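Data file: my_file_27.pdb. Format and content: PDB, C-alpha atoms.
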```
ATOM      1  CA  MET A   1      48.716 -85.991 153.715
ATOM      2  CA  THR A   2      46.525 -85.662 156.810
ATOM      3  CA  TRP A   3      43.042 -84.298 157.355
ATOM      4  CA  GLU A   4      44.582 -81.170 158.850
ATOM      5  CA  GLU A   5      46.635 -80.581 155.686
ATOM      6  CA  LEU A   6      43.785 -81.005 153.205
ATOM      7  CA  ASP A   7      43.413 -78.265 150.614
ATOM      8  CA  TRP A   8      39.653 -77.804 150.914
ATOM      9  CA  PRO A   9      39.388 -75.032 148.291
ATOM     10  CA  ALA A  10      41.145 -77.304 145.789
ATOM     11  CA  LEU A  11      38.730 -80.143 146.587
ATOM     12  CA  ASP A  12      35.770 -77.789 146.182
ATOM     13  CA  ARG A  13      37.087 -76.650 142.806
ATOM     14  CA  LEU A  14      37.701 -80.195 141.627
ATOM     15  CA  ARG A  15      34.256 -81.316 142.747
ATOM     16  CA  ALA A  16      32.623 -78.412 140.924
ATOM     17  CA  GLY A  17      34.547 -79.308 137.775
ATOM     18  CA  PHE A  18      33.465 -82.937 137.938
ATOM     19  CA  LEU A  19      29.824 -81.926 138.389
ATOM     20  CA  ASP A  20      29.576 -79.282 135.672
ATOM     21  CA  GLY A  21      31.599 -81.148 133.074
ATOM     22  CA  ALA A  22      34.571 -78.805 133.099
ATOM     23  CA  ALA A  23      36.844 -81.787 133.789
ATOM     24  CA  SER A  24      36.483 -82.798 130.149
ATOM     25  CA  SER A  25      37.975 -79.533 128.882
ATOM     26  CA  GLY A  26      41.580 -80.370 129.788
ATOM     27  CA  PRO A  27      43.964 -80.969 132.693
ATOM     28  CA  TYR A  28      42.471 -79.740 135.970
ATOM     29  CA  TRP A  29      45.370 -80.353 138.338
ATOM     30  CA  LYS A  30      47.015 -77.087 139.356
ATOM     31  CA  SER A  31      49.463 -78.290 142.024
ATOM     32  CA  ALA A  32      50.809 -81.308 143.877
ATOM     33  CA  SER A  33      48.553 -80.219 146.742
ATOM     34  CA  ASP A  34      45.532 -80.747 144.485
ATOM     35  CA  LEU A  35      46.621 -84.304 143.795
ATOM     36  CA  ALA A  36      47.530 -85.129 147.381
ATOM     37  CA  SER A  37      44.187 -83.846 148.680
ATOM     38  CA  TYR A  38      42.309 -85.693 145.939
ATOM     39  CA  ASP A  39      44.225 -88.923 146.502
ATOM     40  CA  PHE A  40      43.439 -88.804 150.225
ATOM     41  CA  THR A  41      39.685 -88.372 149.703
ATOM     42  CA  TYR A  42      38.073 -88.857 146.282
ATOM     43  CA  GLY A  43      40.949 -91.080 145.199
ATOM     44  CA  GLU A  44      40.527 -93.272 148.268
ATOM     45  CA  ARG A  45      36.847 -93.760 147.407
ATOM     46  CA  ILE A  46      37.867 -94.832 143.907
ATOM     47  CA  GLY A  47      40.352 -97.178 145.543
ATOM     48  CA  TRP A  48      37.485 -98.878 147.410
ATOM     49  CA  LYS A  49      35.840 -99.572 144.062
ATOM     50  CA  TRP A  50      39.056-101.108 142.778
ATOM     51  CA  ASP A  51      39.286-103.198 145.951
ATOM     52  CA  GLN A  52      35.854-104.667 145.204
ATOM     53  CA  VAL A  53      36.733-105.404 141.581
ATOM     54  CA  LEU A  54      39.973-107.101 142.624
ATOM     55  CA  TRP A  55      38.119-109.128 145.255
ATOM     56  CA  GLU A  56      35.787-110.400 142.549
ATOM     57  CA  LEU A  57      38.681-111.297 140.264
ATOM     58  CA  LYS A  58      40.241-113.307 143.085
ATOM     59  CA  LEU A  59      36.956-115.118 143.755
ATOM     60  CA  ARG A  60      36.765-115.973 140.068
ATOM     61  CA  GLY A  61      40.353-117.224 139.965
ATOM     62  CA  TRP A  62      41.825-114.591 137.659
ATOM     63  CA  LYS A  63      45.167-112.844 137.830
ATOM     64  CA  PRO A  64      47.205-111.091 135.132
ATOM     65  CA  ALA A  65      49.923-112.942 133.270
ATOM     66  CA  SER A  66      51.844-109.849 132.190
ATOM     67  CA  ARG A  67      54.645-108.456 134.330
ATOM     68  CA  SER A  68      54.301-104.911 132.944
ATOM     69  CA  VAL A  69      51.526-102.440 133.809
ATOM     70  CA  LEU A  70      50.412 -99.188 132.179
ATOM     71  CA  ASP A  71      48.055 -96.918 134.130
ATOM     72  CA  TRP A  72      46.550 -94.677 131.444
ATOM     73  CA  GLY A  73      44.847 -91.450 132.528
ATOM     74  CA  CYS A  74      46.384 -92.185 135.902
ATOM     75  CA  GLY A  75      45.374 -89.125 137.932
ATOM     76  CA  SER A  76      46.933 -89.686 141.345
ATOM     77  CA  GLY A  77      47.769 -93.290 140.459
ATOM     78  CA  ILE A  78      45.396 -94.903 142.951
ATOM     79  CA  ALA A  79      44.334 -97.657 140.515
ATOM     80  CA  ALA A  80      47.869 -98.877 139.879
ATOM     81  CA  ARG A  81      48.782 -98.848 143.553
ATOM     82  CA  ARG A  82      45.707-100.913 144.425
ATOM     83  CA  VAL A  83      46.418-103.437 141.648
ATOM     84  CA  ILE A  84      50.142-103.810 142.384
ATOM     85  CA  SER A  85      49.490-104.186 146.102
ATOM     86  CA  PHE A  86      46.709-106.731 145.576
ATOM     87  CA  PHE A  87      48.626-109.028 143.215
ATOM     88  CA  ARG A  88      51.962-108.296 145.015
ATOM     89  CA  ALA A  89      54.766-106.154 143.673
ATOM     90  CA  ASP A  90      57.064-109.129 143.049
ATOM     91  CA  GLN A  91      54.637-110.328 140.356
ATOM     92  CA  PHE A  92      55.527-107.306 138.199
ATOM     93  CA  ASP A  93      58.673-105.869 136.655
ATOM     94  CA  SER A  94      57.541-102.418 135.551
ATOM     95  CA  LEU A  95      54.810 -99.839 136.073
ATOM     96  CA  SER A  96      54.260 -96.897 133.733
ATOM     97  CA  PHE A  97      51.972 -93.902 134.131
ATOM     98  CA  TRP A  98      50.383 -91.600 131.594
ATOM     99  CA  ASP A  99      48.092 -88.626 132.049
ATOM    100  CA  TYR A 100      47.365 -85.435 130.151
ATOM    101  CA  SER A 101      48.813 -83.636 133.170
ATOM    102  CA  PRO A 102      52.574 -83.914 133.827
ATOM    103  CA  LEU A 103      51.783 -82.992 137.450
ATOM    104  CA  ALA A 104      49.622 -86.099 137.743
ATOM    105  CA  CYS A 105      52.289 -88.320 136.205
ATOM    106  CA  ASP A 106      54.883 -86.984 138.634
ATOM    107  CA  PHE A 107      52.624 -87.492 141.633
ATOM    108  CA  ALA A 108      51.544 -91.004 140.599
ATOM    109  CA  ALA A 109      55.098 -92.149 139.879
ATOM    110  CA  ASP A 110      56.462 -90.699 143.127
ATOM    111  CA  ALA A 111      53.702 -92.309 145.212
ATOM    112  CA  ALA A 112      54.187 -95.704 143.554
ATOM    113  CA  SER A 113      57.977 -95.537 143.914
ATOM    114  CA  ARG A 114      57.628 -94.921 147.634
ATOM    115  CA  GLU A 115      55.156 -97.784 148.071
ATOM    116  CA  PHE A 116      57.004-100.259 145.818
ATOM    117  CA  PRO A 117      60.707 -99.325 145.961
ATOM    118  CA  LYS A 118      61.882-102.455 144.115
ATOM    119  CA  LEU A 119      59.549-101.942 141.161
ATOM    120  CA  ASP A 120      60.696-100.146 138.009
ATOM    121  CA  VAL A 121      58.340 -97.139 138.013
ATOM    122  CA  ALA A 122      58.384 -94.508 135.278
ATOM    123  CA  GLN A 123      56.280 -92.149 133.237
ATOM    124  CA  ALA A 124      55.179 -93.615 129.914
ATOM    125  CA  THR A 125      57.353 -92.386 127.059
ATOM    126  CA  PRO A 126      55.923 -91.021 123.797
ATOM    127  CA  GLY A 127      57.563 -93.999 122.121
ATOM    128  CA  LEU A 128      55.633 -96.458 124.260
ATOM    129  CA  LEU A 129      52.331 -94.745 123.565
ATOM    130  CA  ALA A 130      52.946 -94.401 119.809
ATOM    131  CA  SER A 131      54.344 -97.890 119.283
ATOM    132  CA  THR A 132      52.395-100.747 117.754
ATOM    133  CA  GLU A 133      54.116-103.309 119.980
ATOM    134  CA  PRO A 134      52.013-105.223 122.535
ATOM    135  CA  ILE A 135      51.683-103.809 126.010
ATOM    136  CA  GLY A 136      50.958-105.785 129.156
ATOM    137  CA  LEU A 137      48.215-105.047 131.655
ATOM    138  CA  LEU A 138      46.334-101.834 130.881
ATOM    139  CA  LEU A 139      44.565-100.053 133.744
ATOM    140  CA  VAL A 140      41.882 -97.466 133.021
ATOM    141  CA  SER A 141      39.935 -95.644 135.724
ATOM    142  CA  HIS A 142      37.164 -93.041 135.571
ATOM    143  CA  VAL A 143      37.984 -91.507 132.197
ATOM    144  CA  LEU A 144      35.020 -92.103 129.865
ATOM    145  CA  ASN A 145      33.124 -88.931 130.736
ATOM    146  CA  GLU A 146      36.268 -86.797 130.330
ATOM    147  CA  LEU A 147      37.780 -87.925 127.025
ATOM    148  CA  SER A 148      37.776 -85.926 123.806
ATOM    149  CA  PRO A 149      37.473 -87.741 120.456
ATOM    150  CA  ASP A 150      41.279 -87.766 120.231
ATOM    151  CA  GLY A 151      41.489 -89.221 123.719
ATOM    152  CA  LEU A 152      38.989 -91.942 122.868
ATOM    153  CA  ALA A 153      40.999 -92.797 119.762
ATOM    154  CA  ALA A 154      44.213 -93.025 121.795
ATOM    155  CA  LEU A 155      42.549 -95.313 124.324
ATOM    156  CA  ARG A 156      41.114 -97.499 121.560
ATOM    157  CA  ALA A 157      44.612 -97.907 120.078
ATOM    158  CA  LEU A 158      46.004 -98.950 123.469
ATOM    159  CA  LEU A 159      43.272-101.535 124.032
ATOM    160  CA  ALA A 160      44.148-103.028 120.670
ATOM    161  CA  ARG A 161      47.705-103.595 121.951
ATOM    162  CA  ALA A 162      46.940-104.744 125.506
ATOM    163  CA  GLU A 163      47.362-108.296 126.772
ATOM    164  CA  ALA A 164      44.766-107.683 129.478
ATOM    165  CA  VAL A 165      42.618-104.770 130.645
ATOM    166  CA  ILE A 166      41.079-103.811 133.972
ATOM    167  CA  TRP A 167      38.765-100.832 133.513
ATOM    168  CA  VAL A 168      36.695 -99.242 136.287
ATOM    169  CA  GLU A 169      34.191 -96.431 135.761
ATOM    170  CA  PRO A 170      31.401 -94.677 137.696
ATOM    171  CA  GLY A 171      28.166 -96.623 138.007
ATOM    172  CA  THR A 172      25.947 -94.147 136.194
ATOM    173  CA  SER A 173      23.622 -95.343 133.463
ATOM    174  CA  ALA A 174      25.273 -93.314 130.693
ATOM    175  CA  VAL A 175      28.848 -94.297 131.528
ATOM    176  CA  SER A 176      28.006 -97.938 132.190
ATOM    177  CA  ARG A 177      26.156 -98.340 128.906
ATOM    178  CA  ALA A 178      29.028 -96.605 127.089
ATOM    179  CA  LEU A 179      31.439 -99.079 128.659
ATOM    180  CA  GLY A 180      29.187-101.858 127.380
ATOM    181  CA  THR A 181      29.690-100.637 123.820
ATOM    182  CA  TRP A 182      33.460-100.931 124.312
ATOM    183  CA  ARG A 183      32.917-104.490 125.529
ATOM    184  CA  GLU A 184      31.077-105.305 122.324
ATOM    185  CA  GLU A 185      33.735-103.680 120.156
ATOM    186  CA  PHE A 186      36.587-105.653 121.723
ATOM    187  CA  ARG A 187      34.751-108.899 122.541
ATOM    188  CA  PRO A 188      35.924-110.555 119.288
ATOM    189  CA  HIS A 189      39.559-109.976 120.308
ATOM    190  CA  PHE A 190      39.476-110.766 124.043
ATOM    191  CA  GLN A 191      37.869-113.115 126.487
ATOM    192  CA  VAL A 192      35.533-111.172 128.741
ATOM    193  CA  VAL A 193      36.571-112.052 132.294
ATOM    194  CA  ALA A 194      34.202-109.848 134.292
ATOM    195  CA  PRO A 195      31.667-108.665 135.202
ATOM    196  CA  CYS A 196      30.127-110.968 132.619
ATOM    197  CA  THR A 197      29.867-114.681 133.292
ATOM    198  CA  HIS A 198      29.564-115.408 129.558
ATOM    199  CA  GLN A 199      31.033-114.401 126.207
ATOM    200  CA  ARG A 200      27.767-113.582 124.457
ATOM    201  CA  ALA A 201      26.523-110.157 123.437
ATOM    202  CA  CYS A 202      25.667-107.871 126.340
ATOM    203  CA  PRO A 203      21.926-108.323 126.968
ATOM    204  CA  ILE A 204      21.621-104.908 128.564
ATOM    205  CA  LEU A 205      22.271-103.343 125.162
ATOM    206  CA  SER A 206      19.474-105.374 123.561
ATOM    207  CA  PRO A 207      16.252-103.599 122.536
ATOM    208  CA  GLY A 208      13.813-103.417 125.408
ATOM    209  CA  ASN A 209      16.454-103.152 128.126
ATOM    210  CA  GLU A 210      17.121 -99.423 127.817
ATOM    211  CA  ARG A 211      16.166 -98.804 131.469
ATOM    212  CA  ASP A 212      18.892-101.127 132.759
ATOM    213  CA  TRP A 213      22.624-100.685 133.103
ATOM    214  CA  CYS A 214      25.391-102.956 134.376
ATOM    215  CA  HIS A 215      26.458-101.486 137.702
ATOM    216  CA  HIS A 216      27.454-102.732 141.131
ATOM    217  CA  PHE A 217      28.143-101.324 144.603
ATOM    218  CA  ALA A 218      31.362-101.418 146.602
ATOM    219  CA  PRO A 219      31.213-101.384 150.401
ATOM    220  CA  PRO A 220      33.193 -98.558 152.011
ATOM    221  CA  PRO A 221      35.187 -99.480 155.135
ATOM    222  CA  SER A 222      32.795 -99.488 158.068
ATOM    223  CA  LEU A 223      35.196 -97.446 160.215
ATOM    224  CA  ILE A 224      34.701 -94.294 158.141
ATOM    225  CA  PHE A 225      31.167 -93.836 159.482
ATOM    226  CA  ALA A 226      32.577 -93.319 162.973
ATOM    227  CA  ASP A 227      35.299 -90.979 161.666
ATOM    228  CA  SER A 228      34.287 -87.347 162.021
ATOM    229  CA  ASN A 229      36.743 -86.350 159.298
ATOM    230  CA  TRP A 230      35.103 -88.592 156.710
ATOM    231  CA  VAL A 231      31.669 -87.448 157.843
ATOM    232  CA  LYS A 232      32.732 -83.821 157.417
ATOM    233  CA  PHE A 233      34.160 -84.596 153.986
ATOM    234  CA  GLY A 234      30.955 -86.292 152.868
ATOM    235  CA  GLN A 235      28.833 -83.368 154.036
ATOM    236  CA  ARG A 236      31.035 -80.746 152.396
ATOM    237  CA  ALA A 237      31.335 -82.709 149.151
ATOM    238  CA  GLY A 238      27.619 -83.461 149.125
ATOM    239  CA  ILE A 239      28.107 -87.206 148.666
ATOM    240  CA  ASP A 240      26.586 -90.234 150.341
ATOM    241  CA  LEU A 241      29.485 -92.092 151.907
ATOM    242  CA  ARG A 242      27.438 -95.301 151.940
ATOM    243  CA  SER A 243      26.985 -95.453 148.181
ATOM    244  CA  LEU A 244      29.828 -96.439 145.862
ATOM    245  CA  PRO A 245      28.295 -97.429 142.509
ATOM    246  CA  TYR A 246      30.696 -98.551 139.833
ATOM    247  CA  SER A 247      30.846-100.318 136.495
ATOM    248  CA  PHE A 248      33.809-102.282 135.221
ATOM    249  CA  LEU A 249      35.226-104.433 132.471
ATOM    250  CA  VAL A 250      38.055-106.984 132.569
ATOM    251  CA  LEU A 251      39.450-108.426 129.340
ATOM    252  CA  ASP A 252      42.170-111.007 128.666
ATOM    253  CA  ARG A 253      43.779-112.175 125.417
ATOM    254  CA  ARG A 254      44.168-115.677 126.849
ATOM    255  CA  THR A 255      41.550-118.345 126.364
ATOM    256  CA  LEU A 256      40.516-119.167 129.913
ATOM    257  CA  GLU A 257      38.320-121.866 131.330
ATOM    258  CA  GLU A 258      34.887-120.400 131.932
ATOM    259  CA  PRO A 259      33.036-121.852 134.936
ATOM    260  CA  PRO A 260      29.595-122.931 133.685
ATOM    261  CA  GLY A 261      26.314-121.673 135.036
ATOM    262  CA  LEU A 262      27.495-118.533 136.817
ATOM    263  CA  SER A 263      25.217-115.514 137.201
ATOM    264  CA  HIS A 264      25.995-111.929 138.167
ATOM    265  CA  VAL A 265      23.460-109.799 140.010
ATOM    266  CA  ILE A 266      23.100-106.319 138.523
ATOM    267  CA  GLY A 267      22.759-103.416 140.966
ATOM    268  CA  ARG A 268      21.366-104.126 144.424
ATOM    269  CA  VAL A 269      19.289-106.997 145.752
ATOM    270  CA  GLU A 270      15.769-105.809 146.597
ATOM    271  CA  HIS A 271      14.407-107.212 149.861
ATOM    272  CA  PHE A 272      10.776-107.667 150.796
ATOM    273  CA  LYS A 273       9.316-109.514 153.762
ATOM    274  CA  PRO A 274       8.499-112.775 151.934
ATOM    275  CA  TYR A 275      11.108-112.705 149.166
ATOM    276  CA  ALA A 276      14.194-111.091 147.615
ATOM    277  CA  ARG A 277      14.363-109.922 144.014
ATOM    278  CA  VAL A 278      17.394-109.609 141.761
ATOM    279  CA  LEU A 279      18.141-108.515 138.218
ATOM    280  CA  ASN A 280      20.175-111.466 137.005
ATOM    281  CA  CYS A 281      22.586-111.619 134.067
ATOM    282  CA  ASP A 282      23.906-114.896 132.676
ATOM    283  CA  ALA A 283      24.433-116.650 129.365
ATOM    284  CA  THR A 284      20.680-116.762 128.755
ATOM    285  CA  GLY A 285      20.292-112.983 129.113
ATOM    286  CA  LEU A 286      18.686-110.673 131.659
ATOM    287  CA  ALA A 287      15.970-111.957 133.969
ATOM    288  CA  GLU A 288      14.224-110.735 137.097
ATOM    289  CA  LEU A 289      14.468-113.577 139.611
ATOM    290  CA  THR A 290      12.898-113.973 143.040
ATOM    291  CA  LEU A 291      14.098-115.926 146.047
ATOM    292  CA  PRO A 292      11.220-116.868 148.371
ATOM    293  CA  LYS A 293      12.452-116.581 151.940
ATOM    294  CA  ARG A 294      11.063-120.007 152.789
ATOM    295  CA  ALA A 295      13.066-121.626 149.945
ATOM    296  CA  ASP A 296      16.439-120.863 151.551
ATOM    297  CA  PRO A 297      16.323-118.673 154.689
ATOM    298  CA  ALA A 298      20.115-118.676 155.041
ATOM    299  CA  LEU A 299      20.622-117.460 151.470
ATOM    300  CA  PHE A 300      17.888-114.856 151.937
ATOM    301  CA  LYS A 301      19.792-113.493 154.949
ATOM    302  CA  GLU A 302      23.127-113.640 153.131
ATOM    303  CA  LEU A 303      21.806-111.597 150.215
ATOM    304  CA  GLU A 304      20.606-108.996 152.699
ATOM    305  CA  ARG A 305      23.929-108.687 154.510
ATOM    306  CA  THR A 306      26.772-109.696 152.231
ATOM    307  CA  LYS A 307      29.332-107.202 151.018
ATOM    308  CA  ALA A 308      30.916-109.689 148.623
ATOM    309  CA  PRO A 309      30.550-109.463 144.831
ATOM    310  CA  LEU A 310      27.175-110.875 143.844
ATOM    311  CA  VAL A 311      28.284-113.813 141.689
ATOM    312  CA  TYR A 312      26.352-117.049 142.170
ATOM    313  CA  ARG A 313      25.502-120.380 140.611
ATOM    314  CA  TRP A 314      21.778-120.589 141.309
ATOM    315  CA  ARG A 315      19.516-123.555 141.676
ATOM    316  CA  ARG A 316      16.302-122.343 140.115
ATOM    317  CA  GLU A 317      12.984-123.235 138.590
ATOM    318  CA  GLY A 318      12.058-120.725 135.941
ATOM    319  CA  ASP A 319      12.340-117.288 137.535
ATOM    320  CA  SER A 320      12.375-118.617 141.119
ATOM    321  CA  ILE A 321      15.664-119.171 142.959
ATOM    322  CA  LEU A 322      15.675-122.296 145.112
ATOM    323  CA  GLY A 323      19.218-121.953 146.456
ATOM    324  CA  VAL A 324      22.830-122.028 145.276
ATOM    325  CA  GLU A 325      24.980-124.865 144.018
ATOM    326  CA  THR A 326      28.042-125.624 146.109
TER     327      THR A 326
END
```

The structure in this file should be written as structure tokens.
Amino acid sequence: MTWEELDWPALDRLRAGFLDGAASSGPYWKSASDLASYDFTYGERIGWKWDQVLWELKLRGWKPASRSVLDWGCGSGIAARRVISFFRADQFDSLSFWDYSPLACDFAADAASREFPKLDVAQATPGLLASTEPIGLLLVSHVLNELSPDGLAALRALLARAEAVIWVEPGTSAVSRALGTWREEFRPHFQVVAPCTHQRACPILSPGNERDWCHHFAPPPSLIFADSNWVKFGQRAGIDLRSLPYSFLVLDRRTLEEPPGLSHVIGRVEHFKPYARVLNCDATGLAELTLPKRADPALFKELERTKAPLVYRWRREGDSILGVET
């Protein structure tokens, strides 16, 4: 696929369906051209979110133990390709795809087979989906606002069989808070790897925190802002290329060592002339913390410029950040 080959009418139709909720009424892929055009544009933006999640997992020392992967609700298969590429194809034996649309399964499997020719790539069989046997690494991407009650039940059954889960969703309040309820449902059966830095109940779902939601921002590649094709796409799609909000959840059946004292910043860091302000989540709950610029000028500048996941071990007094522990 190239910019010259893009099926713009298909992209317009897909975008309209995502916005008006029609995507939840059933398969919306009409052709391989739909999927190729989506994968090249909207799918690539989703891939940047996955890149950020995988970067955070690397920083936190996590990688999957399973050698089999199931990408459920795969769409064009961008999530699986990002994951396999990041952890390296030789770390896996098999990759399976499932989607309501056979067109999507075909596209995802073909794309993955071309990128990873030595990997056993296939469409998930009805037997695999209906079995009660354990499955390996389950990937879920951007499905919560599209699933029917039957679809939610099928996903719940798969999570109950998974050895590990990486789940990425849009960063909207409704979807993020819904994902938080799934975290709470499965927290007794898994260790929560990320975004949480603790195993306690999600404080965002506590009474009094209804205005908040657990979301983060992925940085798009800087080169796209000088690319007239991406600029044209953003204008036609009506999206801000600079903003990639996402929410995510990573679960693992293994009992893993949990680094003590870590915090995760929710949303963006707010910057003012004399201080920076963050919404901080850690084992003690949610707290609004401030970093006076004079306390650590280098950290103040880092928080203003960094594109890395916002996971820190603060040095603090009450609600004031003094610096970070090394």

Selection dump of the PyMOL selection byres ((chain A and resi 268) around 8), as a ChimeraX atom specification: /A:216-217,265-267,269-270,278

Which residues are close to A:Leu299, i.e. within 9 Å by all atoms listed in the file, leaving aside same-chain residues fewer than 5 positions away? Reply as a PDB file with C-alpha atoms, in the coordinates of the input.
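Written file, part31.pdb:
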```pdb
ATOM      1  CA  LEU A 291      14.098-115.926 146.047  1.00  0.00           C
ATOM      2  CA  LYS A 293      12.452-116.581 151.940  1.00  0.00           C
ATOM      3  CA  GLU A 304      20.606-108.996 152.699  1.00  0.00           C
ATOM      4  CA  GLY A 323      19.218-121.953 146.456  1.00  0.00           C
ATOM      5  CA  VAL A 324      22.830-122.028 145.276  1.00  0.00           C
TER       6      VAL A 324
END
```

Starting from the shown file, work through the PyMOL selection byres ((chain A and resi 236-244) around 9) and note down what comes out as an MDAnalysis selection string. chainID A and resid 11:12 15 45:46 48:49 170:171 216:220 224:225 230:235 245:246

So what does the PyMOL selection byres ((chain A and resi 90-103) around 10) actually pick up in this one, as a ChimeraX atom specification? /A:26-32,34-35,64-77,80-81,84-85,87-89,104-109,112-113,116,118-126,128-129,136-139,151

Can you find the residues with an atom no farther than 12 Å from (22.7, -104.9, 137.9), counting all atoms listed in the file, and report them as an NGL selection string? :A and (171-173 or 176-177 or 195-196 or 203-204 or 209 or 211-217 or 245-248 or 263-270 or 277-282 or 286-288 or 309-311)

Length of the atom CA of A:Val193 to atom CA of A:Asp252 vector [Å]: 6.8 Å

Using all atoms listed in the file, which protein or nucleic acid residues come within 10 Å of A:Ser206? Drop anything in the same chain fewer than 4 positions from it, and give the result as number ranges by chain. A: 201-202, 210, 285-286
